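K.L.:
Sharing a structure here in structure tokens format.
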Amino acid sequence: MDSRQLKAFVAVFEERNITGAARRLHLSQPALSGTIKSLEDLLGTQLFERQARGVSVTEDARILYPQARRLLSQTESMTQQFRQGANAAEIEIGVEADIAGEDVAAFVQAARQAVPALFVKLSEGCVGDARLSTEDERCEDELFLTLSIDPYVLAVPEGSAGDAALPWIMCPSHPTHQRLLPYYGAAASAPAAHAGSLRLALELAAAGVGACVAPESLVRRQAGVAGRPIGELEMFRRVGLCYAVQALDKPVLATLVEALRARAPQAEPV
């Protein structure tokens, strides 16, 4: 079994059409059909059934497909490594808006230890091979790997005499908003301001607009605010790596996830 046969199989499986797959691979239809036939003979099983329009896949084809994709990905990775040298291992990581700089730095350091000579591309938002985010903001089809645990604290303007009289700065679109409503109490009906992110809420607090509840890691980096523990409210967020299962077809990400899992926090708050 060679990469030529696997590429032909993947193309037909994804296109469900010999003509479309041949066009995609820049092959003639007879050549592609011959390659698929040779693969079926090698495996001793039928992979596709011709229909009036296109082809249907057999159960054996469904089993082979993820393995074929993984083998092709590994082959491509090895080829790039020897053609381009040590810097061939490259990964793009999306960083969500409310992730602290210290969490980004810790991730990059851990990633480069796990994969020497790794080239890391950081981008803003939900992009890349995986993304740094919080568990409560992961998508339904994503897996989540905890990298750190971050407690929430009360953030008040520096020099505030007390926090009882301070109005609230709220983030209605944030996943924690509903959990915080009982803590806000009656004052929730008359907030000082709304913010679209925790970072912006802290900017408003630094400007003296009011107080907000925010992760300790963000409060430490925000000039003009002071963090205070919230004795009656124990709340944490888990910061980590969000990634789709199919993204693990990329060998560098699979290696990275395995290494980071070994370093993940052992005891996590409930």
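Identifiers in this document derive from the order of the structure tokens: chains are assigned A, B, ..., residues are numbered from 1 separately in each chain, and ligands are numbered from 1 in order of occurrence.
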As a PyMOL selection string, list the residues of segment 95-268 of chain A assigned to strand (DSSP E) by DSSP on the backbone atoms of this structure.
P.N.:
chain A and resi 95+119-124+130-134+142-157+169-170+193-194+212-215+225-228+236-244
K.L.:
Could you give me, as a count of residues only, the residues within 12 Å of Asp103 of chain A, counting only C-alpha atoms and dropping anything in the same chain fewer than 2 positions from it?
P.N.:
29
K.L.:
Enumerate, as a ChimeraX atom specification, the complete set of residues in segment 6-109 of chain A that a backbone-based DSSP assignment places in helix (DSSP H, G or I).
P.N.:
/A:6-15,18-25,29-43,59-84,86-88,101-109
K.L.:
How close does each residue of segment 127-150 of chain A get to segment 255-258 of chain A, giving the shortest atom pair and distance in Å to one decimal for every residue with an atom at most 12 Å away, counting only C-alpha atoms, sorted by chain and residue number, as a Markdown table?
P.N.:
```
| residue | atom | partner | partner_atom | distance |
| --- | --- | --- | --- | --- |
| A:Asp129 | CA | A:Leu256 | CA | 11.5 |
| A:Ala130 | CA | A:Val257 | CA | 10.0 |
| A:Arg131 | CA | A:Val257 | CA | 11.9 |
| A:Leu143 | CA | A:Val257 | CA | 10.8 |
| A:Phe144 | CA | A:Val257 | CA | 10.1 |
| A:Leu145 | CA | A:Val257 | CA | 7.9 |
| A:Thr146 | CA | A:Val257 | CA | 10.6 |
| A:Leu147 | CA | A:Val257 | CA | 10.6 |
```
K.L.:
Pick the closest to Tyr243 of chain A from A:Val127, A:Leu118, A:Leu27, A:Ile18: which is it, counting only C-alpha atoms?
P.N.:
A:Val127
K.L.:
Enter the distance from atom CA of Asp2 of chain A to atom CA of Thr19 of chain A, in Å, rounded to one decimal.
P.N.:
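Result for atom CA of Asp2 of chain A versus atom CA of Thr19 of chain A: 21.7 Å, one decimal.
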K.L.:
With only C-alpha atoms as the counted atoms, please give the residues lying no more than 10 Å from Arg70 of chain A, apart from itself and same-chain residues fewer than 6 positions off, as a PDB file with N, CA, C and O atoms, in the first residue's frame.
P.N.:
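Final output, saved to out-v9.pdb:
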```
ATOM      1  N   GLU A  76       3.223  13.390   4.963  1.00  0.00           N
ATOM      2  CA  GLU A  76       3.461  14.775   4.579  1.00  0.00           C
ATOM      3  C   GLU A  76       4.340  15.489   5.603  1.00  0.00           C
ATOM      4  O   GLU A  76       5.233  16.264   5.254  1.00  0.00           O
ATOM      5  N   GLN A 246     -10.446  15.580  14.681  1.00  0.00           N
ATOM      6  CA  GLN A 246      -9.751  15.418  13.396  1.00  0.00           C
ATOM      7  C   GLN A 246      -8.462  16.220  13.326  1.00  0.00           C
ATOM      8  O   GLN A 246      -7.584  15.935  12.509  1.00  0.00           O
ATOM      9  N   LEU A 248      -6.172  16.117  15.365  1.00  0.00           N
ATOM     10  CA  LEU A 248      -5.089  15.248  15.836  1.00  0.00           C
ATOM     11  C   LEU A 248      -4.459  14.457  14.697  1.00  0.00           C
ATOM     12  O   LEU A 248      -3.465  13.770  14.902  1.00  0.00           O
ATOM     13  N   ASP A 249      -5.047  14.549  13.489  1.00  0.00           N
ATOM     14  CA  ASP A 249      -4.405  13.942  12.322  1.00  0.00           C
ATOM     15  C   ASP A 249      -3.076  14.620  12.029  1.00  0.00           C
ATOM     16  O   ASP A 249      -2.216  14.053  11.354  1.00  0.00           O
ATOM     17  N   LYS A 250      -2.912  15.846  12.517  1.00  0.00           N
ATOM     18  CA  LYS A 250      -1.656  16.561  12.348  1.00  0.00           C
ATOM     19  C   LYS A 250      -0.695  16.058  13.427  1.00  0.00           C
ATOM     20  O   LYS A 250      -0.909  16.297  14.617  1.00  0.00           O
ATOM     21  N   PRO A 251       0.374  15.365  13.061  1.00  0.00           N
ATOM     22  CA  PRO A 251       1.248  14.732  14.049  1.00  0.00           C
ATOM     23  C   PRO A 251       1.788  15.679  15.106  1.00  0.00           C
ATOM     24  O   PRO A 251       1.878  15.315  16.278  1.00  0.00           O
TER      25      PRO A 251
END
```
